[in-house]
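See below for input.cif, which holds mmCIF, C-alpha atoms.
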data_my_file
#
loop_
_atom_site.label_atom_id
_atom_site.label_comp_id
_atom_site.auth_asym_id
_atom_site.auth_seq_id
_atom_site.Cartn_x
_atom_site.Cartn_y
_atom_site.Cartn_z
CA MET A 12 0.00 0.00 0.00
CA TRP A 13 2.77 2.45 0.91
CA GLU A 14 4.70 1.30 -2.13
CA ASN A 15 1.81 2.48 -4.34
CA LEU A 16 2.11 5.99 -2.95
CA GLU A 17 5.54 6.25 -4.56
CA HIS A 18 3.94 5.83 -7.99
CA VAL A 19 1.43 8.67 -7.66
CA LYS A 20 2.18 11.28 -10.31
CA TRP A 21 3.23 14.22 -8.13
CA VAL A 22 5.33 11.94 -5.95
CA THR A 23 7.37 10.72 -8.90
CA VAL A 24 7.80 14.31 -10.07
CA LEU A 25 9.07 15.29 -6.60
CA ALA A 26 11.40 12.29 -6.40
CA GLN A 27 12.88 12.91 -9.84
CA THR A 28 13.13 16.69 -9.94
CA GLY A 29 16.37 17.64 -8.20
CA TRP A 30 15.65 21.25 -7.33
CA LEU A 31 12.14 20.45 -6.11
CA TYR A 32 13.40 17.75 -3.79
CA VAL A 33 16.08 20.12 -2.47
CA LEU A 34 13.41 22.78 -1.87
CA VAL A 35 11.30 20.37 0.19
CA SER A 36 14.38 19.14 2.09
CA VAL A 37 15.48 22.68 2.89
CA THR A 38 11.95 23.49 4.08
CA HIS A 39 11.97 20.39 6.30
CA TYR A 40 15.37 21.11 7.87
CA PHE A 41 14.87 24.85 8.23
CA THR A 42 11.42 24.67 9.81
CA LEU A 43 12.22 21.77 12.13
CA LEU A 44 15.40 23.40 13.41
CA PHE A 45 13.51 26.65 13.94
CA PHE A 46 10.40 25.28 15.64
CA ILE A 47 12.40 22.97 17.92
CA GLY A 48 14.54 26.02 18.72
CA THR A 49 11.46 27.97 19.85
CA ILE A 50 10.48 25.08 22.12
CA VAL A 51 14.02 24.73 23.49
CA LEU A 52 14.18 28.44 24.32
CA VAL A 53 10.91 28.37 26.29
CA ASP A 54 12.07 25.18 28.08
CA LEU A 55 15.37 26.88 28.97
CA ARG A 56 13.44 29.90 30.25
CA ILE A 57 11.30 27.67 32.47
CA LEU A 58 14.48 26.07 33.76
CA GLY A 59 15.60 29.59 34.61
CA VAL A 60 18.74 29.63 32.50
CA ALA A 61 17.64 31.77 29.56
CA ASP A 62 16.33 35.29 28.97
CA ARG A 63 15.48 36.16 32.56
CA ASN A 64 14.64 39.71 31.47
CA GLN A 65 11.29 38.47 30.23
CA THR A 66 8.69 36.51 32.10
CA VAL A 67 8.02 33.00 30.87
CA SER A 68 4.71 34.16 29.43
CA GLN A 69 6.25 37.09 27.57
CA LEU A 70 8.78 34.83 25.85
CA ALA A 71 6.32 32.00 25.30
CA GLU A 72 3.67 34.27 23.79
CA GLN A 73 6.25 35.67 21.41
CA LEU A 74 7.56 32.26 20.31
CA GLN A 75 4.65 29.84 20.47
CA PRO A 76 2.74 30.90 17.35
CA TRP A 77 5.93 30.19 15.42
CA THR A 78 6.30 26.82 17.11
CA TRP A 79 3.05 25.69 15.53
CA VAL A 80 3.65 27.31 12.13
CA GLY A 81 7.08 25.67 12.01
CA PHE A 82 5.75 22.34 13.22
CA ALA A 83 3.03 22.31 10.54
CA LEU A 84 5.51 23.11 7.77
CA ALA A 85 7.96 20.50 9.09
CA MET A 86 5.20 17.88 9.10
CA VAL A 87 4.00 18.71 5.59
CA SER A 88 7.52 18.77 4.13
CA GLY A 89 8.35 15.62 6.07
CA PHE A 90 5.34 13.84 4.64
CA LEU A 91 6.35 14.88 1.11
CA LEU A 92 9.85 13.47 1.66
CA PHE A 93 8.29 10.31 3.06
CA THR A 94 6.14 9.74 -0.02
CA THR A 95 9.14 9.60 -2.34
CA ASP A 96 10.26 6.36 -0.66
CA ALA A 97 7.13 5.44 1.25
CA GLY A 98 7.51 1.70 0.78
CA ALA A 99 10.91 1.75 2.51
CA TYR A 100 10.21 4.37 5.22
CA ALA A 101 6.91 2.81 6.33
CA PHE A 102 8.65 -0.34 7.51
CA ASP A 103 11.90 1.23 8.69
CA THR A 104 12.33 0.86 12.45
CA PRO A 105 14.44 4.00 13.02
CA PHE A 106 11.80 6.00 11.10
CA ARG A 107 9.00 4.58 13.23
CA VAL A 108 10.98 5.36 16.38
CA LYS A 109 11.37 8.92 15.13
CA LEU A 110 7.61 9.35 14.60
CA LEU A 111 6.90 7.92 18.05
CA THR A 112 9.46 10.23 19.65
CA ILE A 113 7.95 13.22 17.85
CA LEU A 114 4.52 12.22 19.14
CA LEU A 115 5.77 12.06 22.74
CA ALA A 116 7.69 15.31 22.36
CA PHE A 117 4.60 16.95 20.86
CA ILE A 118 2.53 15.87 23.88
CA PHE A 119 5.04 17.51 26.21
CA ALA A 120 5.13 20.64 24.07
CA VAL A 121 1.37 20.94 24.48
CA ILE A 122 1.57 20.26 28.24
CA VAL A 123 4.17 23.00 28.64
CA GLN A 124 2.23 25.44 26.48
CA TRP A 125 -1.05 24.90 28.35
CA ASN A 126 0.62 25.35 31.73
CA VAL A 127 2.83 28.36 31.03
CA PRO A 128 0.15 30.92 32.05
CA LYS A 129 -0.35 29.12 35.36
CA TRP A 130 3.37 28.64 35.99
CA ASN A 131 3.99 32.27 35.12
CA ARG A 132 1.71 33.37 37.97
CA SER A 133 3.72 31.41 40.55
CA PRO A 134 6.21 33.43 42.54
CA VAL A 135 8.66 30.56 42.16
CA MET A 136 8.77 28.18 39.16
CA PRO A 137 7.17 24.91 40.30
CA ALA A 138 9.29 21.77 40.27
CA ALA A 139 6.73 20.10 38.01
CA ALA A 140 7.29 22.86 35.46
CA LYS A 141 11.03 22.29 35.46
CA VAL A 142 10.55 18.53 35.12
CA ALA A 143 8.18 19.02 32.17
CA ALA A 144 10.57 21.47 30.50
CA PHE A 145 13.50 19.13 31.00
CA LEU A 146 11.60 16.14 29.58
CA SER A 147 10.48 18.27 26.63
CA LEU A 148 14.14 19.10 25.89
CA ILE A 149 15.21 15.46 26.12
CA LEU A 150 12.38 14.26 23.87
CA TRP A 151 13.03 16.82 21.14
CA LEU A 152 16.76 16.03 21.20
CA GLY A 153 15.69 12.40 20.96
CA ALA A 154 13.57 13.20 17.92
CA ILE A 155 16.57 14.82 16.21
CA LEU A 156 18.75 11.84 17.09
CA ALA A 157 16.14 9.45 15.74
CA GLY A 158 16.10 11.50 12.55
CA VAL A 159 19.85 11.28 11.98
CA GLU A 160 19.89 7.58 12.90
CA ILE A 161 17.61 6.77 9.95
CA ALA A 162 20.39 7.51 7.47
CA ALA A 163 23.06 5.98 9.70
CA LEU A 164 21.27 2.69 10.33
CA SER A 165 19.13 2.23 7.22
CA GLY A 166 20.78 4.36 4.56
CA LEU A 167 17.46 6.05 3.78
CA GLY A 168 17.10 9.72 2.89
CA MET B 3 48.76 27.30 0.21
CA TYR B 4 46.65 24.49 -1.21
CA GLU B 5 49.21 21.89 -0.09
CA ALA B 6 49.02 23.31 3.43
CA LEU B 7 45.23 22.93 3.37
CA VAL B 8 45.46 19.33 2.14
CA ALA B 9 48.07 18.55 4.79
CA PHE B 10 45.86 20.12 7.48
CA CYS B 11 42.90 18.00 6.32
CA LYS B 12 44.95 14.82 6.41
CA TRP B 13 46.17 15.73 9.88
CA LEU B 14 42.60 16.33 11.11
CA GLU B 15 41.45 13.02 9.69
CA GLY B 16 44.23 11.29 11.64
CA THR B 17 43.44 12.90 15.01
CA PRO B 18 41.75 10.76 17.68
CA TRP B 19 38.47 12.63 17.24
CA GLY B 20 38.74 12.50 13.44
CA VAL B 21 39.30 8.75 13.48
CA SER B 22 36.58 8.03 16.08
CA THR B 23 33.94 10.14 14.32
CA ARG B 24 34.71 8.46 11.01
CA THR B 25 34.87 4.86 12.17
CA SER B 26 32.39 4.61 15.04
CA LEU B 27 28.86 3.63 14.02
CA TRP B 28 27.26 5.26 17.06
CA LEU B 29 29.48 8.32 17.48
CA TYR B 30 28.83 9.93 14.10
CA PRO B 31 25.07 10.32 14.66
CA PHE B 32 25.79 11.80 18.10
CA ILE B 33 28.09 14.38 16.57
CA GLN B 34 25.35 15.18 14.07
CA LEU B 35 23.00 15.56 17.06
CA ILE B 36 25.40 18.10 18.59
CA HIS B 37 25.57 20.06 15.35
CA PHE B 38 21.77 20.03 14.84
CA SER B 39 20.94 20.76 18.48
CA GLY B 40 23.23 23.77 18.37
CA LEU B 41 21.49 24.79 15.16
CA THR B 42 18.05 24.72 16.84
CA VAL B 43 19.27 27.28 19.39
CA TRP B 44 21.33 29.31 16.89
CA LEU B 45 18.60 29.45 14.23
CA GLY B 46 15.84 29.65 16.82
CA THR B 47 17.31 32.82 18.31
CA ASN B 48 18.29 34.35 14.95
CA ILE B 49 15.03 33.73 13.13
CA THR B 50 12.91 34.77 16.12
CA VAL B 51 14.60 38.16 16.17
CA ASP B 52 14.42 38.48 12.36
CA LEU B 53 10.68 37.80 12.41
CA ARG B 54 10.23 40.33 15.19
CA LEU B 55 12.24 42.90 13.23
CA LEU B 56 9.95 42.23 10.27
CA GLY B 57 7.02 42.85 12.59
CA VAL B 58 5.19 39.62 11.74
CA GLY B 59 3.62 37.78 14.63
CA LYS B 60 3.24 38.85 18.24
CA ARG B 61 4.92 41.95 19.65
CA ARG B 62 5.35 41.11 23.31
CA GLN B 63 8.76 42.75 23.33
CA THR B 64 10.53 45.14 21.02
CA ALA B 65 13.05 43.58 18.64
CA ALA B 66 15.79 45.20 20.70
CA GLN B 67 14.55 43.63 23.93
CA LEU B 68 14.17 40.24 22.29
CA SER B 69 17.63 40.38 20.73
CA ASP B 70 19.22 41.36 24.05
CA GLY B 71 17.34 38.70 25.98
CA LEU B 72 18.36 35.93 23.59
CA PHE B 73 21.96 37.15 23.14
CA ALA B 74 23.64 34.69 25.50
CA TRP B 75 21.98 31.56 24.13
CA ASN B 76 22.46 32.81 20.56
CA TRP B 77 26.23 32.57 21.01
CA ILE B 78 26.10 29.44 23.17
CA GLY B 79 24.18 27.85 20.29
CA PHE B 80 26.81 29.07 17.86
CA CYS B 81 29.62 27.46 19.89
CA ILE B 82 27.77 24.14 19.94
CA VAL B 83 27.20 24.35 16.17
CA VAL B 84 30.88 25.02 15.54
CA LEU B 85 31.96 22.20 17.87
CA GLY B 86 29.71 19.70 16.09
CA GLY B 87 30.64 21.04 12.68
CA PHE B 88 34.35 20.86 13.41
CA LEU B 89 34.06 17.23 14.53
CA LEU B 90 32.01 16.31 11.46
CA PHE B 91 34.53 18.08 9.24
CA SER B 92 37.44 16.30 10.90
CA SER B 93 36.04 12.89 10.05
CA THR B 94 36.56 13.27 6.29
CA ALA B 95 38.09 16.72 5.93
CA SER B 96 39.71 16.17 2.53
CA THR B 97 36.44 15.16 0.89
CA TYR B 98 34.62 18.17 2.36
CA VAL B 99 37.28 20.59 1.20
CA THR B 100 36.85 19.49 -2.43
CA ASN B 101 33.03 19.42 -2.24
CA PRO B 102 31.62 22.42 -4.13
CA ALA B 103 28.51 22.70 -1.94
CA PHE B 104 30.61 22.62 1.23
CA ARG B 105 33.00 25.23 -0.16
CA VAL B 106 30.09 27.53 -0.98
CA LYS B 107 28.57 26.93 2.45
CA LEU B 108 31.59 27.43 4.65
CA GLY B 109 33.75 29.54 2.36
CA MET B 110 31.14 32.05 1.29
CA LEU B 111 27.67 31.82 2.77
CA VAL B 112 28.48 31.19 6.46
CA PRO B 113 31.01 34.07 6.72
CA LEU B 114 28.55 36.36 4.92
CA ALA B 115 25.60 35.34 7.08
CA LEU B 116 27.68 35.53 10.25
CA VAL B 117 28.97 39.03 9.59
CA TRP B 118 25.49 40.15 8.63
CA HIS B 119 24.07 38.59 11.79
CA ILE B 120 26.55 40.50 13.97
CA VAL B 121 25.59 43.74 12.21
CA VAL B 122 21.88 43.03 12.72
CA GLN B 123 22.42 42.09 16.35
CA GLN B 124 24.30 45.32 17.07
CA LYS B 125 21.91 47.50 15.10
CA ALA B 126 18.79 45.84 16.50
CA ARG B 127 19.22 48.07 19.55
CA VAL B 128 18.61 51.11 17.37
CA TRP B 129 16.37 49.75 14.62
CA GLY B 130 14.23 47.68 16.96
CA GLN B 131 13.86 50.14 19.80
CA GLY B 132 10.23 50.92 19.11
CA GLU B 133 7.26 48.64 18.69
CA GLU B 134 7.49 49.09 14.92
CA THR B 135 10.98 48.45 13.59
CA LEU B 136 12.63 51.10 11.44
CA PRO B 137 12.54 50.22 7.69
CA ALA B 138 16.29 49.54 7.57
CA GLY B 139 15.82 47.01 10.36
CA LYS B 140 13.05 45.19 8.52
CA LEU B 141 15.16 44.88 5.40
CA ALA B 142 18.15 43.75 7.43
CA GLY B 143 16.06 41.13 9.21
CA LEU B 144 14.72 39.81 5.91
CA MET B 145 18.24 39.61 4.48
CA GLU B 146 19.47 37.64 7.47
CA LEU B 147 16.56 35.23 7.11
CA LEU B 148 17.37 34.66 3.43
CA LEU B 149 21.07 34.21 4.15
CA TRP B 150 20.47 31.45 6.70
CA ILE B 151 18.06 29.73 4.31
CA SER B 152 20.81 29.77 1.67
CA VAL B 153 23.29 28.27 4.16
CA ILE B 154 20.88 25.39 4.81
CA THR B 155 20.41 24.96 1.05
CA ALA B 156 24.16 24.62 0.53
CA ALA B 157 24.33 22.16 3.43
CA VAL B 158 21.53 20.02 1.98
CA GLU B 159 23.40 19.89 -1.34
CA ILE B 160 26.63 18.57 0.22
CA PRO B 161 25.70 14.86 -0.12
CA ASN B 162 24.87 15.41 -3.80
CA TYR B 163 28.49 16.15 -4.75
#
Mind turning the file's structure into structure tokens?
Amino acid sequence: MWENLEHVKWVTVLAQTGWLYVLVSVTHYFTLLFFIGTIVLVDLRILGVADRNQTVSQLAEQLQPWTWVGFALAMVSGFLLFTTDAGAYAFDTPFRVKLLTILLAFIFAVIVQWNVPKWNRSPVMPAAAKVAAFLSLILWLGAILAGVEIAALSGLG
Amino acid sequence: MYEALVAFCKWLEGTPWGVSTRTSLWLYPFIQLIHFSGLTVWLGTNITVDLRLLGVGKRRQTAAQLSDGLFAWNWIGFCIVVLGGFLLFSSTASTYVTNPAFRVKLGMLVPLALVWHIVVQQKARVWGQGEETLPAGKLAGLMELLLWISVITAAVEIPNY
């Protein structure tokens, strides 16, 4: 079934047109590095080691819209890259680990985002906030590692 | 001059870190992780300020305030990027040095983008003082954005050569 996706017209065009594939790759890398960066910065702020001139809410409100714009673009470009070799990626263990890690990291990103207004009102940053921020950092770093391992272990991409 | 560069590359490839990065199955992805993690912080801070200079999105702080607040981690990110990049380069330095995409990336685009970034960071204090950035600041922010996109483009092309 995934194999058939590779033979859809626009997928073959994408796979065979060099500059188009580069464009989608650049979009994927640029947006993922950026959106993960916005998450990392808010996590570091919660941990109290970054940008203490702003409150957590001030920084988060500035960055979070871009987190979701970047995430959406990274997902769309990622899906496009996936389609060009869908039959191989769909059954590749490192790729599946990457998707799972992204899902877990996404859950923590949402948890942090929902709680920032509450945590911001605390006179002292709650321990739970720091734990969540730390786990968010670890999971997103894990997602990046899973991404680079795909090429290292399976030769895909 | 070229012989010195080739000799330097061979030397790097023979260093303990050069050898380990090249031959270890698990180490190379970890070095890539270092390079990419640094890039999330480096690009995250740069692009955030560029977007604020352009005035798109929320305006919780002025561009100047944002740039100042993110200054420390901007350069911490840069150091991590350079560390990871240097280790990756060391693994197969002589092949990188002859790769056209790598030469464009590190020889031309990165120095250009870096110098421009420093200018923008210094000038952000003036251009981005108010809620609405001065026109020069918006243009400068846009140029920085485009320069970093071109660096990533060159990087993506490296495996193709």
| said: Which residues are near Val80 of chain A? Cut-off 9 Å, only C-alpha atoms, ignore same chain within fewer than 4 positions. Put them as a ChimeraX atom specification. | reply: /A:42,46,75-76,84-85
Within 12 Å of (43.2, 10.8, 9.5), in the coordinates the file gives, what residues turn up when you count only C-alpha atoms, written out as an mmCIF file with C-alpha atoms, in the frame of the given file?
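Dumped everything to result_35.cif:
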data_model
loop_
_atom_site.group_PDB
_atom_site.id
_atom_site.type_symbol
_atom_site.label_atom_id
_atom_site.label_comp_id
_atom_site.auth_asym_id
_atom_site.auth_seq_id
_atom_site.Cartn_x
_atom_site.Cartn_y
_atom_site.Cartn_z
ATOM 1 C CA VAL B 8 45.460 19.330 2.140
ATOM 2 C CA ALA B 9 48.070 18.550 4.790
ATOM 3 C CA PHE B 10 45.860 20.120 7.480
ATOM 4 C CA CYS B 11 42.900 18.000 6.320
ATOM 5 C CA LYS B 12 44.950 14.820 6.410
ATOM 6 C CA TRP B 13 46.170 15.730 9.880
ATOM 7 C CA LEU B 14 42.600 16.330 11.110
ATOM 8 C CA GLU B 15 41.450 13.020 9.690
ATOM 9 C CA GLY B 16 44.230 11.290 11.640
ATOM 10 C CA THR B 17 43.440 12.900 15.010
ATOM 11 C CA PRO B 18 41.750 10.760 17.680
ATOM 12 C CA TRP B 19 38.470 12.630 17.240
ATOM 13 C CA GLY B 20 38.740 12.500 13.440
ATOM 14 C CA VAL B 21 39.300 8.750 13.480
ATOM 15 C CA SER B 22 36.580 8.030 16.080
ATOM 16 C CA THR B 23 33.940 10.140 14.320
ATOM 17 C CA ARG B 24 34.710 8.460 11.010
ATOM 18 C CA THR B 25 34.870 4.860 12.170
ATOM 19 C CA PHE B 91 34.530 18.080 9.240
ATOM 20 C CA SER B 92 37.440 16.300 10.900
ATOM 21 C CA SER B 93 36.040 12.890 10.050
ATOM 22 C CA THR B 94 36.560 13.270 6.290
ATOM 23 C CA ALA B 95 38.090 16.720 5.930
ATOM 24 C CA SER B 96 39.710 16.170 2.530
ATOM 25 C CA THR B 97 36.440 15.160 0.890
#
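Each of B:Val99, B:Leu55, B:Ala157, B:Val84 was compared to chain A using only C-alpha atoms, and B:Ala157 turns out to be the nearest.
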Need the shell around Leu148 of chain A: protein/DNA/RNA residues with any atom at most 12 Å away, counting only C-alpha atoms. Skip same-chain ones fewer than 3 positions apart. Format as a CSV table (one decimal) with C-alpha atoms, in the frame of the given file?
chain,number,residue,atom,x,y,z
A,47,ILE,CA,12.4,23.0,17.9
A,48,GLY,CA,14.5,26.0,18.7
A,49,THR,CA,11.5,28.0,19.8
A,50,ILE,CA,10.5,25.1,22.1
A,51,VAL,CA,14.0,24.7,23.5
A,52,LEU,CA,14.2,28.4,24.3
A,53,VAL,CA,10.9,28.4,26.3
A,54,ASP,CA,12.1,25.2,28.1
A,55,LEU,CA,15.4,26.9,29.0
A,56,ARG,CA,13.4,29.9,30.2
A,57,ILE,CA,11.3,27.7,32.5
A,58,LEU,CA,14.5,26.1,33.8
A,112,THR,CA,9.5,10.2,19.6
A,113,ILE,CA,8.0,13.2,17.8
A,115,LEU,CA,5.8,12.1,22.7
A,116,ALA,CA,7.7,15.3,22.4
A,117,PHE,CA,4.6,17.0,20.9
A,119,PHE,CA,5.0,17.5,26.2
A,120,ALA,CA,5.1,20.6,24.1
A,123,VAL,CA,4.2,23.0,28.6
A,141,LYS,CA,11.0,22.3,35.5
A,142,VAL,CA,10.6,18.5,35.1
A,143,ALA,CA,8.2,19.0,32.2
A,144,ALA,CA,10.6,21.5,30.5
A,145,PHE,CA,13.5,19.1,31.0
A,151,TRP,CA,13.0,16.8,21.1
A,152,LEU,CA,16.8,16.0,21.2
A,153,GLY,CA,15.7,12.4,21.0
A,154,ALA,CA,13.6,13.2,17.9
A,155,ILE,CA,16.6,14.8,16.2
B,39,SER,CA,20.9,20.8,18.5
B,42,THR,CA,18.0,24.7,16.8
B,43,VAL,CA,19.3,27.3,19.4
| message | Using all atoms listed in the file and a distance of at most 6 Å, pull out the residues of chain B that contact chain A, as a ChimeraX atom specification. | response | /B:31,35,42-43,45-46,60,62,71-72,155
| query | Which protein, DNA or RNA residues are at most 12 Å from (35.3, 26.5, 5.2) in the file's coordinates when you count only C-alpha atoms, listed as a list in words? | reply | Leu7, Cys11, Val84, Gly87, Phe88, Phe91, Ser92, Ala95, Ser96, Tyr98, Val99, Thr100, Asn101, Pro102, Ala103, Phe104, Arg105, Val106, Lys107, Leu108, Gly109, Met110, Leu111, Val112, Pro113, Leu114 and Ala157 of chain B
| task | Quick one: apply the PyMOL selection byres ((chain A and resi 127-129) around 9) to the file and drop the selected residues here as number ranges by chain. | result | A: 57, 67-68, 71, 122-126, 130-133, 140
Determine the residue set returned by the PyMOL selection byres ((chain B and resi 119-122) around 12) for the present structure, and present it as an mmCIF file with C-alpha atoms, keeping the file's coordinate frame.
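Result went into result-v4.cif, see below:
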data_model
loop_
_atom_site.group_PDB
_atom_site.id
_atom_site.type_symbol
_atom_site.label_atom_id
_atom_site.label_comp_id
_atom_site.auth_asym_id
_atom_site.auth_seq_id
_atom_site.Cartn_x
_atom_site.Cartn_y
_atom_site.Cartn_z
ATOM 1 C CA TRP B 44 21.330 29.310 16.890
ATOM 2 C CA LEU B 45 18.600 29.450 14.230
ATOM 3 C CA THR B 47 17.310 32.820 18.310
ATOM 4 C CA ASN B 48 18.290 34.350 14.950
ATOM 5 C CA ILE B 49 15.030 33.730 13.130
ATOM 6 C CA VAL B 51 14.600 38.160 16.170
ATOM 7 C CA ASP B 52 14.420 38.480 12.360
ATOM 8 C CA LEU B 55 12.240 42.900 13.230
ATOM 9 C CA ALA B 65 13.050 43.580 18.640
ATOM 10 C CA ALA B 66 15.790 45.200 20.700
ATOM 11 C CA SER B 69 17.630 40.380 20.730
ATOM 12 C CA ASP B 70 19.220 41.360 24.050
ATOM 13 C CA PHE B 73 21.960 37.150 23.140
ATOM 14 C CA ASN B 76 22.460 32.810 20.560
ATOM 15 C CA TRP B 77 26.230 32.570 21.010
ATOM 16 C CA PHE B 80 26.810 29.070 17.860
ATOM 17 C CA LEU B 111 27.670 31.820 2.770
ATOM 18 C CA VAL B 112 28.480 31.190 6.460
ATOM 19 C CA PRO B 113 31.010 34.070 6.720
ATOM 20 C CA LEU B 114 28.550 36.360 4.920
ATOM 21 C CA ALA B 115 25.600 35.340 7.080
ATOM 22 C CA LEU B 116 27.680 35.530 10.250
ATOM 23 C CA VAL B 117 28.970 39.030 9.590
ATOM 24 C CA TRP B 118 25.490 40.150 8.630
ATOM 25 C CA GLN B 123 22.420 42.090 16.350
ATOM 26 C CA GLN B 124 24.300 45.320 17.070
ATOM 27 C CA LYS B 125 21.910 47.500 15.100
ATOM 28 C CA ALA B 126 18.790 45.840 16.500
ATOM 29 C CA ARG B 127 19.220 48.070 19.550
ATOM 30 C CA VAL B 128 18.610 51.110 17.370
ATOM 31 C CA TRP B 129 16.370 49.750 14.620
ATOM 32 C CA GLY B 130 14.230 47.680 16.960
ATOM 33 C CA ALA B 138 16.290 49.540 7.570
ATOM 34 C CA GLY B 139 15.820 47.010 10.360
ATOM 35 C CA LYS B 140 13.050 45.190 8.520
ATOM 36 C CA LEU B 141 15.160 44.880 5.400
ATOM 37 C CA ALA B 142 18.150 43.750 7.430
ATOM 38 C CA GLY B 143 16.060 41.130 9.210
ATOM 39 C CA LEU B 144 14.720 39.810 5.910
ATOM 40 C CA MET B 145 18.240 39.610 4.480
ATOM 41 C CA GLU B 146 19.470 37.640 7.470
ATOM 42 C CA LEU B 147 16.560 35.230 7.110
ATOM 43 C CA LEU B 148 17.370 34.660 3.430
ATOM 44 C CA LEU B 149 21.070 34.210 4.150
ATOM 45 C CA TRP B 150 20.470 31.450 6.700
#
| query | What is the atom CA of Leu150 of chain A to atom CA of Phe106 of chain A distance in Å? | reply |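 Spanning atom CA of Leu150 of chain A to atom CA of Phe106 of chain A is a straight-line distance of 15.2 Å.
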| If we count only C-alpha atoms, what is near segment 15-27 of chain A at a cut-off of 10 Å, once residues fewer than 2 positions away on the same chain are taken out, given as an MDAnalysis selection string? | chainID A and resid 12:13 29:35 91:99
Using all atoms of segment 77-88 of chain B that appear in the file, construct an axis-aligned enclosing box with 6 Å of padding on every side and provide its centre coordinates and edge lengths in Å, rounded to one decimal, as AutoDock Vina command-line options.
--center_x 29.3 --center_y 26.1 --center_z 17.9 --size_x 22.2 --size_y 24.9 --size_z 22.5
